[in-house]
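Structure data (mmCIF, C-alpha atoms) from upload_25.cif:
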data_input
loop_
_atom_site.group_PDB
_atom_site.id
_atom_site.type_symbol
_atom_site.label_atom_id
_atom_site.label_comp_id
_atom_site.auth_asym_id
_atom_site.auth_seq_id
_atom_site.Cartn_x
_atom_site.Cartn_y
_atom_site.Cartn_z
ATOM 1 C CA MET F 186 17.967 39.246 -38.816
ATOM 2 C CA ASN F 187 19.855 39.570 -35.545
ATOM 3 C CA GLU F 188 16.586 39.163 -33.594
ATOM 4 C CA VAL F 189 15.825 35.897 -35.399
ATOM 5 C CA LYS F 190 19.339 34.648 -34.785
ATOM 6 C CA ALA F 191 19.100 35.552 -31.117
ATOM 7 C CA LYS F 192 16.012 33.348 -30.755
ATOM 8 C CA ARG F 193 17.814 30.339 -32.163
ATOM 9 C CA ASN F 194 19.157 27.846 -29.630
ATOM 10 C CA LYS F 195 22.941 27.927 -29.339
ATOM 11 C CA CYS F 196 23.217 24.213 -28.540
ATOM 12 C CA PHE F 197 25.028 22.192 -31.216
ATOM 13 C CA VAL F 198 22.776 19.435 -32.552
ATOM 14 C CA SER F 199 23.261 16.752 -35.166
ATOM 15 C CA ALA F 200 20.608 14.960 -37.181
ATOM 16 C CA VAL F 201 21.214 11.433 -38.472
ATOM 17 C CA ALA F 202 18.703 10.230 -41.056
ATOM 18 C CA TYR F 203 18.424 6.759 -42.557
ATOM 19 C CA ILE F 204 17.698 6.606 -46.276
ATOM 20 C CA HIS F 205 16.579 3.402 -47.938
ATOM 21 C CA ASN F 206 13.942 2.808 -50.585
ATOM 22 C CA ASN F 207 13.128 6.530 -50.693
ATOM 23 C CA THR F 208 12.362 8.646 -53.736
ATOM 24 C CA GLN F 209 13.949 11.988 -54.533
ATOM 25 C CA ALA F 210 10.640 13.706 -53.735
ATOM 26 C CA GLU F 211 10.595 12.158 -50.242
ATOM 27 C CA ILE F 212 14.182 13.230 -49.629
ATOM 28 C CA GLU F 213 13.425 16.764 -50.811
ATOM 29 C CA TYR F 214 10.372 16.952 -48.552
ATOM 30 C CA PHE F 215 12.409 15.799 -45.547
ATOM 31 C CA LEU F 216 15.172 18.322 -46.247
ATOM 32 C CA SER F 217 12.883 21.260 -46.977
ATOM 33 C CA ASN F 218 10.643 20.651 -43.950
ATOM 34 C CA VAL F 219 12.197 18.673 -41.093
ATOM 35 C CA VAL F 220 15.827 19.636 -41.700
ATOM 36 C CA SER F 221 15.014 23.261 -42.438
ATOM 37 C CA ARG F 222 12.954 23.429 -39.244
ATOM 38 C CA ILE F 223 15.858 22.112 -37.162
ATOM 39 C CA ASN F 224 18.219 24.524 -38.880
ATOM 40 C CA ALA F 225 15.847 27.402 -38.111
ATOM 41 C CA ASP F 226 15.650 26.503 -34.417
ATOM 42 C CA PHE F 227 19.365 25.911 -33.810
ATOM 43 C CA GLU F 228 22.295 28.149 -34.495
ATOM 44 C CA ASN F 229 24.767 25.256 -34.817
ATOM 45 C CA PHE F 230 23.530 22.241 -36.751
ATOM 46 C CA GLU F 231 24.861 19.429 -38.908
ATOM 47 C CA LEU F 232 23.047 16.856 -41.006
ATOM 48 C CA ILE F 233 24.261 13.297 -41.653
ATOM 49 C CA LEU F 234 22.429 11.226 -44.257
ATOM 50 C CA VAL F 235 23.168 7.499 -44.276
ATOM 51 C CA CYS F 236 22.410 5.822 -47.614
ATOM 52 C CA ASP F 237 21.799 2.104 -47.319
ATOM 53 C CA ASP F 238 21.133 1.734 -51.039
ATOM 54 C CA ASN F 239 21.948 3.468 -54.336
ATOM 55 C CA SER F 240 20.191 6.712 -53.456
ATOM 56 C CA TYR F 241 23.284 8.926 -53.239
ATOM 57 C CA ASN F 242 22.457 10.692 -56.523
ATOM 58 C CA TYR F 243 18.975 11.469 -55.174
ATOM 59 C CA VAL F 244 20.524 13.015 -52.078
ATOM 60 C CA ALA F 245 22.928 15.227 -54.029
ATOM 61 C CA ALA F 246 20.168 16.424 -56.370
ATOM 62 C CA ALA F 247 17.732 17.047 -53.522
ATOM 63 C CA LYS F 248 20.347 19.016 -51.561
ATOM 64 C CA LYS F 249 20.869 21.355 -54.514
ATOM 65 C CA ASN F 250 17.132 21.875 -54.914
ATOM 66 C CA VAL F 251 16.545 22.894 -51.288
ATOM 67 C CA ASP F 252 19.523 25.181 -50.809
ATOM 68 C CA GLY F 253 17.126 28.106 -50.887
ATOM 69 C CA TYR F 254 15.136 26.796 -47.916
ATOM 70 C CA GLY F 255 17.874 27.447 -45.412
ATOM 71 C CA SER F 256 19.371 23.967 -45.339
ATOM 72 C CA PRO F 257 22.492 23.639 -43.177
ATOM 73 C CA ALA F 258 25.970 24.251 -44.521
ATOM 74 C CA ILE F 259 27.328 21.072 -42.884
ATOM 75 C CA VAL F 260 25.857 18.080 -44.719
ATOM 76 C CA SER F 261 27.616 14.707 -44.749
ATOM 77 C CA VAL F 262 26.489 11.675 -46.720
ATOM 78 C CA ILE F 263 27.586 8.204 -45.648
ATOM 79 C CA LYS F 264 27.247 5.518 -48.273
ATOM 80 C CA LEU F 265 27.336 1.999 -46.859
ATOM 81 C CA ALA F 266 29.127 -0.678 -48.839
ATOM 82 C CA TYR F 267 26.007 -2.875 -49.001
ATOM 83 C CA TYR F 268 22.626 -3.183 -47.339
ATOM 84 C CA GLN F 269 23.228 -3.470 -43.589
ATOM 85 C CA GLY F 270 19.960 -2.350 -41.996
ATOM 86 C CA VAL F 271 18.846 0.626 -39.965
ATOM 87 C CA GLU F 272 20.704 -0.276 -36.752
ATOM 88 C CA ALA F 273 24.146 -0.392 -38.390
ATOM 89 C CA ALA F 274 23.369 2.700 -40.486
ATOM 90 C CA ILE F 275 22.336 4.862 -37.520
ATOM 91 C CA CYS F 276 25.406 3.673 -35.580
ATOM 92 C CA ALA F 277 27.581 4.838 -38.483
ATOM 93 C CA GLY F 278 25.890 8.242 -38.424
ATOM 94 C CA ASP F 279 26.170 8.547 -34.636
ATOM 95 C CA ASP F 280 29.906 7.847 -34.777
ATOM 96 C CA LEU F 281 30.354 10.701 -37.250
ATOM 97 C CA ALA F 282 28.084 13.124 -35.395
ATOM 98 C CA VAL F 283 29.678 15.704 -33.073
ATOM 99 C CA GLY F 284 26.582 17.431 -31.669
ATOM 100 C CA ASP F 285 25.735 17.748 -27.986
ATOM 101 C CA PHE F 286 22.378 16.221 -28.900
ATOM 102 C CA VAL F 287 21.692 13.900 -31.830
ATOM 103 C CA TYR F 288 18.378 13.450 -33.597
ATOM 104 C CA GLU F 289 17.963 9.913 -34.939
ATOM 105 C CA PHE F 290 15.468 9.443 -37.775
ATOM 106 C CA ASP F 291 14.995 5.754 -38.551
ATOM 107 C CA ASN F 292 13.028 6.777 -41.646
ATOM 108 C CA ILE F 293 12.360 10.067 -43.402
ATOM 109 C CA ASN F 294 8.624 9.643 -43.935
ATOM 110 C CA VAL F 295 7.059 12.527 -42.006
ATOM 111 C CA ASN F 296 3.667 11.905 -40.372
ATOM 112 C CA TYR F 297 4.035 14.341 -37.450
ATOM 113 C CA ASP F 298 3.714 18.040 -36.799
ATOM 114 C CA LEU F 299 7.048 19.820 -37.243
ATOM 115 C CA ASN F 300 6.674 21.477 -33.834
ATOM 116 C CA LEU F 301 7.298 18.035 -32.325
ATOM 117 C CA ILE F 302 10.953 18.348 -33.325
ATOM 118 C CA LEU F 303 11.485 21.215 -30.907
ATOM 119 C CA ASP F 304 9.200 19.612 -28.306
ATOM 120 C CA VAL F 305 11.478 16.582 -27.908
ATOM 121 C CA PHE F 306 14.485 18.880 -27.501
ATOM 122 C CA ASN F 307 12.719 20.931 -24.844
ATOM 123 C CA ARG F 308 11.795 17.706 -23.039
ATOM 124 C CA ALA F 309 15.460 16.661 -23.187
ATOM 125 C CA ARG F 310 16.494 20.006 -21.701
ATOM 126 C CA GLU F 311 14.308 19.187 -18.702
ATOM 127 C CA GLY F 312 16.752 16.466 -17.680
ATOM 128 C CA ASN F 313 16.057 13.539 -20.016
ATOM 129 C CA ASP F 314 19.005 12.081 -21.897
ATOM 130 C CA ILE F 315 16.741 10.304 -24.393
ATOM 131 C CA VAL F 316 13.332 11.433 -25.622
ATOM 132 C CA PHE F 317 11.353 9.202 -27.991
ATOM 133 C CA ALA F 318 8.561 10.429 -30.269
ATOM 134 C CA GLY F 319 6.158 7.905 -31.731
ATOM 135 C CA ASP F 320 2.563 7.179 -32.685
ATOM 136 C CA ASP F 321 0.415 4.159 -31.968
ATOM 137 C CA THR F 322 0.017 2.992 -35.572
ATOM 138 C CA MET F 323 1.823 -0.335 -35.716
ATOM 139 C CA GLN F 324 1.468 -3.529 -37.655
ATOM 140 C CA LEU F 325 0.304 -6.632 -35.814
ATOM 141 C CA SER F 326 3.784 -8.171 -35.990
ATOM 142 C CA SER F 327 5.269 -5.073 -34.324
ATOM 143 C CA ARG F 328 2.667 -5.149 -31.562
ATOM 144 C CA ILE F 329 3.464 -8.800 -30.847
ATOM 145 C CA PHE F 330 7.196 -8.068 -30.828
ATOM 146 C CA TYR F 331 6.921 -5.199 -28.334
ATOM 147 C CA ARG F 332 4.547 -7.214 -26.157
ATOM 148 C CA LEU F 333 7.015 -10.098 -25.976
ATOM 149 C CA ILE F 334 10.180 -8.074 -25.515
ATOM 150 C CA ASN F 335 8.590 -6.112 -22.657
ATOM 151 C CA ILE F 336 7.485 -9.163 -20.665
ATOM 152 C CA ASN F 337 8.455 -8.659 -17.010
ATOM 153 C CA LYS F 338 10.356 -5.468 -17.889
ATOM 154 C CA ALA F 339 10.105 -2.498 -15.538
ATOM 155 C CA LYS F 340 11.137 -0.130 -18.343
ATOM 156 C CA ALA F 341 9.264 -0.859 -21.552
ATOM 157 C CA VAL F 342 10.559 -0.394 -25.085
ATOM 158 C CA ARG F 343 7.988 1.357 -27.258
ATOM 159 C CA HIS F 344 7.530 2.047 -30.926
ATOM 160 C CA ASP F 345 8.924 5.403 -32.030
ATOM 161 C CA THR F 346 9.438 7.356 -35.240
ATOM 162 C CA PHE F 347 12.444 9.412 -34.177
ATOM 163 C CA ARG F 348 14.279 10.368 -31.003
ATOM 164 C CA ILE F 349 16.816 12.785 -29.574
ATOM 165 C CA VAL F 350 19.816 11.443 -27.652
ATOM 166 C CA SER F 351 22.341 13.297 -25.527
ATOM 167 C CA ARG F 352 26.075 12.885 -25.959
ATOM 168 C CA ARG F 353 26.257 11.254 -22.530
ATOM 169 C CA ALA F 354 23.744 8.586 -23.577
ATOM 170 C CA LEU F 355 25.622 7.871 -26.809
ATOM 171 C CA ASN F 356 28.908 7.443 -24.951
ATOM 172 C CA ARG F 357 27.358 5.102 -22.399
ATOM 173 C CA VAL F 358 25.616 2.929 -24.988
ATOM 174 C CA LYS F 359 28.877 2.526 -26.921
ATOM 175 C CA LYS F 360 30.382 0.899 -23.825
ATOM 176 C CA MET F 361 27.519 -1.568 -23.583
ATOM 177 C CA ASN F 362 26.787 -4.526 -25.878
ATOM 178 C CA ARG F 363 29.062 -4.241 -28.926
ATOM 179 C CA GLY F 364 27.714 -7.305 -30.679
ATOM 180 C CA ILE F 365 24.181 -7.235 -32.051
ATOM 181 C CA GLN F 366 22.849 -3.855 -30.977
ATOM 182 C CA TYR F 367 19.249 -2.817 -30.449
ATOM 183 C CA ARG F 368 19.622 0.877 -29.719
ATOM 184 C CA LYS F 369 16.173 1.531 -28.290
ATOM 185 C CA TYR F 370 16.571 -1.272 -25.763
ATOM 186 C CA LEU F 371 20.071 -0.086 -24.835
ATOM 187 C CA TYR F 372 18.834 3.478 -24.385
ATOM 188 C CA VAL F 373 15.998 2.376 -22.103
ATOM 189 C CA THR F 374 18.252 0.108 -20.014
ATOM 190 C CA SER F 375 21.236 2.489 -19.890
ATOM 191 C CA GLY F 376 20.221 3.814 -16.476
ATOM 192 C CA LEU F 377 19.807 7.346 -17.812
ATOM 193 C CA PRO F 378 16.502 9.258 -17.609
ATOM 194 C CA PHE F 379 14.303 9.053 -20.702
ATOM 195 C CA ASP F 380 10.848 10.137 -21.759
ATOM 196 C CA TYR F 381 8.324 9.353 -24.467
ATOM 197 C CA ILE F 382 6.037 11.669 -26.420
ATOM 198 C CA GLN F 383 3.122 10.072 -28.218
ATOM 199 C CA TYR F 384 1.545 11.982 -31.077
ATOM 200 C CA LYS F 385 -1.331 11.493 -33.458
ATOM 201 C CA PRO F 386 -0.304 11.197 -37.138
ATOM 202 C CA VAL F 387 -1.187 14.258 -39.194
ATOM 203 C CA ASN F 388 -1.183 12.326 -42.477
ATOM 204 C CA GLY F 389 -1.034 8.808 -43.862
ATOM 205 C CA ASN F 390 2.701 8.695 -44.528
ATOM 206 C CA ARG F 391 4.116 5.384 -43.341
ATOM 207 C CA GLU F 392 7.387 3.557 -43.640
ATOM 208 C CA LYS F 393 7.513 1.272 -46.677
ATOM 209 C CA ASN F 394 9.334 -2.011 -46.174
ATOM 210 C CA THR F 395 10.911 -3.867 -49.044
ATOM 211 C CA ARG F 396 11.387 -7.628 -49.040
ATOM 212 C CA SER F 397 14.972 -7.228 -47.818
ATOM 213 C CA GLU F 398 13.818 -4.918 -45.001
ATOM 214 C CA SER F 399 11.052 -7.301 -43.950
ATOM 215 C CA SER F 400 13.550 -10.160 -43.858
ATOM 216 C CA TYR F 401 16.007 -7.989 -41.905
ATOM 217 C CA ARG F 402 13.345 -7.016 -39.369
ATOM 218 C CA LEU F 403 12.227 -10.606 -38.859
ATOM 219 C CA ASN F 404 15.773 -11.871 -38.373
ATOM 220 C CA SER F 405 16.687 -8.939 -36.122
ATOM 221 C CA GLY F 406 13.530 -9.375 -34.064
ATOM 222 C CA ILE F 407 14.353 -13.031 -33.376
ATOM 223 C CA SER F 408 17.935 -12.076 -32.459
ATOM 224 C CA TYR F 409 16.765 -9.344 -30.071
ATOM 225 C CA MET F 410 14.323 -11.750 -28.417
ATOM 226 C CA MET F 411 17.121 -14.260 -27.858
ATOM 227 C CA ILE F 412 19.664 -11.741 -26.576
ATOM 228 C CA TYR F 413 17.580 -9.332 -24.512
ATOM 229 C CA THR F 414 14.756 -11.569 -23.258
ATOM 230 C CA LYS F 415 14.157 -15.137 -22.105
ATOM 231 C CA VAL F 416 11.068 -15.662 -24.256
ATOM 232 C CA ILE F 417 12.718 -18.094 -26.682
ATOM 233 C CA GLU F 418 14.383 -19.907 -23.783
ATOM 234 C CA LYS F 419 11.033 -20.345 -22.044
ATOM 235 C CA VAL F 420 9.372 -21.498 -25.266
ATOM 236 C CA THR F 421 12.160 -24.038 -25.797
ATOM 237 C CA LEU F 422 11.823 -25.356 -22.237
ATOM 238 C CA MET F 423 8.049 -25.525 -22.596
ATOM 239 C CA LEU F 424 8.342 -27.484 -25.846
ATOM 240 C CA SER F 425 10.833 -29.834 -24.233
ATOM 241 C CA ALA F 426 8.459 -30.375 -21.299
ATOM 242 C CA ILE F 427 5.545 -31.056 -23.646
ATOM 243 C CA PHE F 428 7.558 -33.587 -25.639
ATOM 244 C CA LEU F 429 8.693 -35.209 -22.390
ATOM 245 C CA LEU F 430 5.099 -35.569 -21.202
ATOM 246 C CA VAL F 431 4.080 -36.938 -24.593
ATOM 247 C CA SER F 432 6.904 -39.483 -24.409
ATOM 248 C CA VAL F 433 5.858 -40.514 -20.881
ATOM 249 C CA GLY F 434 2.249 -40.780 -22.013
ATOM 250 C CA VAL F 435 3.223 -42.933 -24.996
ATOM 251 C CA GLY F 436 5.285 -45.156 -22.687
ATOM 252 C CA ILE F 437 2.326 -45.640 -20.335
ATOM 253 C CA TRP F 438 0.018 -46.290 -23.276
ATOM 254 C CA THR F 439 2.492 -48.846 -24.693
ATOM 255 C CA ILE F 440 2.681 -50.737 -21.395
ATOM 256 C CA TYR F 441 -1.092 -50.703 -21.129
ATOM 257 C CA SER F 442 -1.462 -51.984 -24.694
ATOM 258 C CA LEU F 443 1.069 -54.743 -24.011
ATOM 259 C CA PHE F 444 -1.164 -56.291 -21.363
ATOM 260 C CA TYR F 445 -4.674 -55.331 -22.448
ATOM 261 C CA ASP F 446 -4.626 -54.721 -26.210
ATOM 262 C CA THR F 447 -4.867 -57.952 -28.181
ATOM 263 C CA ASN F 448 -4.504 -56.248 -31.561
ATOM 264 C CA LEU F 449 -1.327 -54.168 -31.365
ATOM 265 C CA ALA F 450 -1.221 -53.567 -35.128
ATOM 266 C CA ALA F 451 -4.132 -51.187 -34.767
ATOM 267 C CA GLY F 452 -1.861 -48.687 -33.018
ATOM 268 C CA TRP F 453 0.329 -48.178 -36.029
ATOM 269 C CA VAL F 454 -1.376 -44.901 -37.018
ATOM 270 C CA SER F 455 -1.093 -43.472 -33.519
ATOM 271 C CA LEU F 456 2.545 -44.503 -33.299
ATOM 272 C CA MET F 457 3.385 -42.776 -36.573
ATOM 273 C CA GLY F 458 1.554 -39.677 -35.429
ATOM 274 C CA VAL F 459 3.544 -39.513 -32.221
ATOM 275 C CA ILE F 460 6.801 -40.054 -34.115
ATOM 276 C CA SER F 461 5.952 -37.259 -36.557
ATOM 277 C CA PHE F 462 5.023 -34.905 -33.706
ATOM 278 C CA GLY F 463 8.218 -35.776 -31.854
ATOM 279 C CA PHE F 464 10.436 -35.180 -34.861
ATOM 280 C CA PHE F 465 8.705 -31.853 -35.460
ATOM 281 C CA GLY F 466 9.668 -30.772 -31.950
ATOM 282 C CA VAL F 467 13.227 -32.025 -32.328
ATOM 283 C CA PHE F 468 13.776 -30.078 -35.514
ATOM 284 C CA LEU F 469 12.198 -26.974 -33.981
ATOM 285 C CA LEU F 470 14.608 -27.172 -31.052
ATOM 286 C CA ILE F 471 17.495 -27.688 -33.468
ATOM 287 C CA MET F 472 16.412 -24.541 -35.307
ATOM 288 C CA PHE F 473 16.535 -22.490 -32.086
ATOM 289 C CA LEU F 474 19.895 -23.983 -31.101
ATOM 290 C CA THR F 475 21.272 -23.200 -34.547
ATOM 291 C CA LYS F 476 20.137 -19.601 -34.202
ATOM 292 C CA TYR F 477 21.789 -19.364 -30.790
ATOM 293 C CA MET F 478 25.058 -20.693 -32.179
ATOM 294 C CA ASN F 479 24.876 -18.250 -35.078
ATOM 295 C CA ILE F 480 24.448 -15.321 -32.681
ATOM 296 C CA ILE F 481 27.351 -16.494 -30.509
ATOM 297 C CA LEU F 482 29.538 -16.860 -33.589
ATOM 298 C CA GLU F 483 28.588 -13.420 -34.899
ATOM 299 C CA VAL F 484 29.134 -11.686 -31.564
ATOM 300 C CA ASN F 485 32.537 -13.285 -31.046
ATOM 301 C CA THR F 486 33.878 -12.933 -34.588
ATOM 302 C CA ARG F 487 32.488 -9.646 -35.837
ATOM 303 C CA ARG F 488 34.730 -6.686 -35.115
ATOM 304 C CA LEU F 489 33.011 -3.980 -37.181
ATOM 305 C CA ASP F 490 29.468 -2.730 -36.559
ATOM 306 C CA TYR F 491 29.205 -1.437 -40.126
ATOM 307 C CA ILE F 492 31.218 -1.091 -43.337
ATOM 308 C CA VAL F 493 31.318 2.312 -45.014
ATOM 309 C CA GLU F 494 32.056 2.741 -48.700
ATOM 310 C CA SER F 495 32.443 6.535 -48.700
ATOM 311 C CA VAL F 496 31.774 9.706 -46.698
ATOM 312 C CA ASP F 497 31.161 12.865 -48.728
ATOM 313 C CA LYS F 498 30.260 16.483 -48.118
ATOM 314 C CA VAL F 499 27.509 17.858 -50.316
#
Structure translated into structure tokens:
Amino acid sequence: MNEVKAKRNKCFVSAVAYIHNNTQAEIEYFLSNVVSRINADFENFELILVCDDNSYNYVAAAKKNVDGYGSPAIVSVIKLAYYQGVEAAICAGDDLAVGDFVYEFDNINVNYDLNLILDVFNRAREGNDIVFAGDDTMQLSSRIFYRLININKAKAVRHDTFRIVSRRALNRVKKMNRGIQYRKYLYVTSGLPFDYIQYKPVNGNREKNTRSESSYRLNSGISYMMIYTKVIEKVTLMLSAIFLLVSVGVGIWTIYSLFYDTNLAAGWVSLMGVISFGFFGVFLLIMFLTKYMNIILEVNTRRLDYIVESVDKV
């Protein structure tokens, strides 16, 4: 027993896991495999589960069922007051965590070899404050998002399943943008060394998105594009330039028709088409401007990153 304990790393680590739309069986599998593996590799370990739905009863029942697998003694469960998304939930867990290193699991569906958990820690011990672990299985919408957000970026943001973050990185990111946060982007642009481990999935487990999650991801993706890139700004300027050229072209065509077209009534269809196209562009620009104003309002008025209903020990 003492030999096994001596092999365990003495570094204090925390694990923050996001739970939403998960079954009790999935929670039990995560606890009895991933969490038990971390607990076996580290002498000092705490687990923080963030429930973004009504899954607290599942968590309590699952914890009792896996007590025999060596689950950690320190288990905290944060129950958010309402659905707030993965970014706010992980921030809540990070604020409660006290470990020197913090594992962040954006979902608890396991499609990787458990040895990867220790691999990312060992890579962090080599001098990296953040180590991401991810596969290359992404939906088309995710591929487009990462392609756009990484335009002209020296340090690219990549898809990941989980990551390990040092205490220094957490403290620095907290001093950065306190409005709408995109943690992966802030980690990459924090100025601290980071690394990425790509793995091949060992099974077909994938994150399941509900309608509310899909809506949250779409809205968040647009917000991130507006805040952290100039893609939307360039698109808006391009649309404005196109509409300007169309307007100039229509003006030239009108002058030409005034002198050379003897039947001006025949241009009624073309005129209506141009008007419809122009109004489409105007309303599209208004939509982008409205989104910008909404972001500015949210950043300047919101004081809390998340709202917690309860924090319990199980």
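Taking CA of Pro386 in chain F and CA of Asn307 in chain F as the two end points, the separation is 20.4 Å.
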Any idea what's packed within 7 Å of Asp345 in chain F, counting only C-alpha atoms, ignoring anything in its chain fewer than 6 positions away? Could you give it as a ChimeraX atom specification?
-> /F:317-320
Specify as a VMD selection string each residue included when the PyMOL selection byres ((chain F and resi 417-434) around 12) is applied to this file.
-> chain F and resid 333 to 334 336 406 to 416 435 to 441 456 458 to 474 476 to 477
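If you apply the PyMOL selection byres ((chain F and resi 308) around 12) to this structure, you end up with Leu301, Ile302, Leu303, Asp304, Val305, Phe306, Asn307, Ala309, Arg310, Glu311, Gly312, Asn313, Asp314, Ile315, Val316, Phe317, Ala318, Arg348, Ile349, Val350, Ser351, Pro378, Phe379, Asp380, Tyr381 and Ile382 of chain F.
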Point out the residue among F:Arg391, F:Ser261, F:Lys385, F:Val283 with the least atom-to-atom distance to Gln324 in chain F, counting all atoms listed in the file.
->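 For Gln324 in chain F, the nearest of the candidates is F:Arg391.
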Figure out the distance between CA of Ile259 in chain F and CA of Ala225 in chain F, please, to one decimal in Å.
->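 If I compute the distance from CA of Ala225 in chain F to CA of Ile259 in chain F, I get 14.0 Å.
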F:Lys498, F:Gly284, F:Lys340, F:Tyr401 ranked by distance to Val244 in chain F, top pick (using all atoms listed in the file) =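 That would be F:Lys498, the residue with the smallest distance to Val244 in chain F.
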Closest to Ala282 in chain F among F:Ile204, F:Leu299, F:Val220, F:Ile233, using all atoms listed in the file?
-> F:Ile233
Report the distance between CA of Phe286 in chain F and CA of Ile212 in chain F in Å, rounded to one decimal place.
->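 That distance, rounded to one decimal, is 22.5 Å.
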Residue neighbourhood Asn239 in chain F, 12 Å, all atoms listed in the file, exclusion window fewer than 3 positions, as a VMD selection string = chain F and resid 204 to 209 235 to 236 242 to 245 263 to 268 494
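Closest to Val358 in chain F among F:Lys393, F:Val496, F:Asn194, F:Asp279 is F:Asp279, based on all atoms listed in the file.
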Hits of the PyMOL selection byres ((chain F and resi 290-298) around 6) in this structure, as a ChimeraX atom specification | /F:202-203,289,299-301,347,386-388,390
Test item: residues at most 7 Å from Phe227 in chain F, all atoms listed in the file, excluding those fewer than 5 positions along its chain, as a ChimeraX atom specification = /F:193-196
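For the choices F:Ser399, F:Glu272, F:Asp280, F:Glu228, the atom-to-atom distance to Ser327 in chain F is smallest for F:Ser399 when using all atoms listed in the file.
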Since the input is missing atoms, can you rebuild N, CA and C atoms for range 406-420 of chain F and write them as a PDB file, in the coordinates of the input?
ATOM      1  N   GLY F 406      14.466  -9.199 -35.162  1.00  0.00           N
ATOM      2  CA  GLY F 406      13.530  -9.375 -34.064  1.00  0.00           C
ATOM      3  C   GLY F 406      13.782 -10.661 -33.296  1.00  0.00           C
ATOM      4  N   ILE F 407      14.051 -11.755 -34.025  1.00  0.00           N
ATOM      5  CA  ILE F 407      14.353 -13.031 -33.376  1.00  0.00           C
ATOM      6  C   ILE F 407      15.652 -12.917 -32.573  1.00  0.00           C
ATOM      7  N   SER F 408      16.656 -12.248 -33.154  1.00  0.00           N
ATOM      8  CA  SER F 408      17.935 -12.076 -32.459  1.00  0.00           C
ATOM      9  C   SER F 408      17.763 -11.270 -31.178  1.00  0.00           C
ATOM     10  N   TYR F 409      16.986 -10.173 -31.250  1.00  0.00           N
ATOM     11  CA  TYR F 409      16.765  -9.344 -30.071  1.00  0.00           C
ATOM     12  C   TYR F 409      16.036 -10.134 -28.981  1.00  0.00           C
ATOM     13  N   MET F 410      15.067 -10.950 -29.393  1.00  0.00           N
ATOM     14  CA  MET F 410      14.323 -11.750 -28.417  1.00  0.00           C
ATOM     15  C   MET F 410      15.249 -12.723 -27.710  1.00  0.00           C
ATOM     16  N   MET F 411      16.205 -13.288 -28.446  1.00  0.00           N
ATOM     17  CA  MET F 411      17.121 -14.260 -27.858  1.00  0.00           C
ATOM     18  C   MET F 411      18.148 -13.595 -26.952  1.00  0.00           C
ATOM     19  N   ILE F 412      18.596 -12.406 -27.325  1.00  0.00           N
ATOM     20  CA  ILE F 412      19.664 -11.741 -26.576  1.00  0.00           C
ATOM     21  C   ILE F 412      19.115 -10.996 -25.362  1.00  0.00           C
ATOM     22  N   TYR F 413      18.036 -10.247 -25.549  1.00  0.00           N
ATOM     23  CA  TYR F 413      17.580  -9.332 -24.512  1.00  0.00           C
ATOM     24  C   TYR F 413      16.413  -9.853 -23.680  1.00  0.00           C
ATOM     25  N   THR F 414      15.850 -11.009 -24.040  1.00  0.00           N
ATOM     26  CA  THR F 414      14.756 -11.569 -23.258  1.00  0.00           C
ATOM     27  C   THR F 414      14.982 -13.067 -23.080  1.00  0.00           C
ATOM     28  N   LYS F 415      14.109 -13.691 -22.297  1.00  0.00           N
ATOM     29  CA  LYS F 415      14.157 -15.137 -22.105  1.00  0.00           C
ATOM     30  C   LYS F 415      12.932 -15.821 -22.706  1.00  0.00           C
ATOM     31  N   VAL F 416      12.281 -15.123 -23.652  1.00  0.00           N
ATOM     32  CA  VAL F 416      11.068 -15.662 -24.256  1.00  0.00           C
ATOM     33  C   VAL F 416      11.366 -16.950 -25.013  1.00  0.00           C
ATOM     34  N   ILE F 417      12.385 -16.915 -25.887  1.00  0.00           N
ATOM     35  CA  ILE F 417      12.718 -18.094 -26.682  1.00  0.00           C
ATOM     36  C   ILE F 417      13.177 -19.234 -25.776  1.00  0.00           C
ATOM     37  N   GLU F 418      13.932 -18.884 -24.733  1.00  0.00           N
ATOM     38  CA  GLU F 418      14.383 -19.907 -23.783  1.00  0.00           C
ATOM     39  C   GLU F 418      13.195 -20.577 -23.103  1.00  0.00           C
ATOM     40  N   LYS F 419      12.207 -19.781 -22.696  1.00  0.00           N
ATOM     41  CA  LYS F 419      11.033 -20.345 -22.044  1.00  0.00           C
ATOM     42  C   LYS F 419      10.215 -21.192 -23.008  1.00  0.00           C
ATOM     43  N   VAL F 420      10.099 -20.721 -24.260  1.00  0.00           N
ATOM     44  CA  VAL F 420       9.372 -21.498 -25.266  1.00  0.00           C
ATOM     45  C   VAL F 420      10.060 -22.833 -25.501  1.00  0.00           C
TER      46      VAL F 420
END
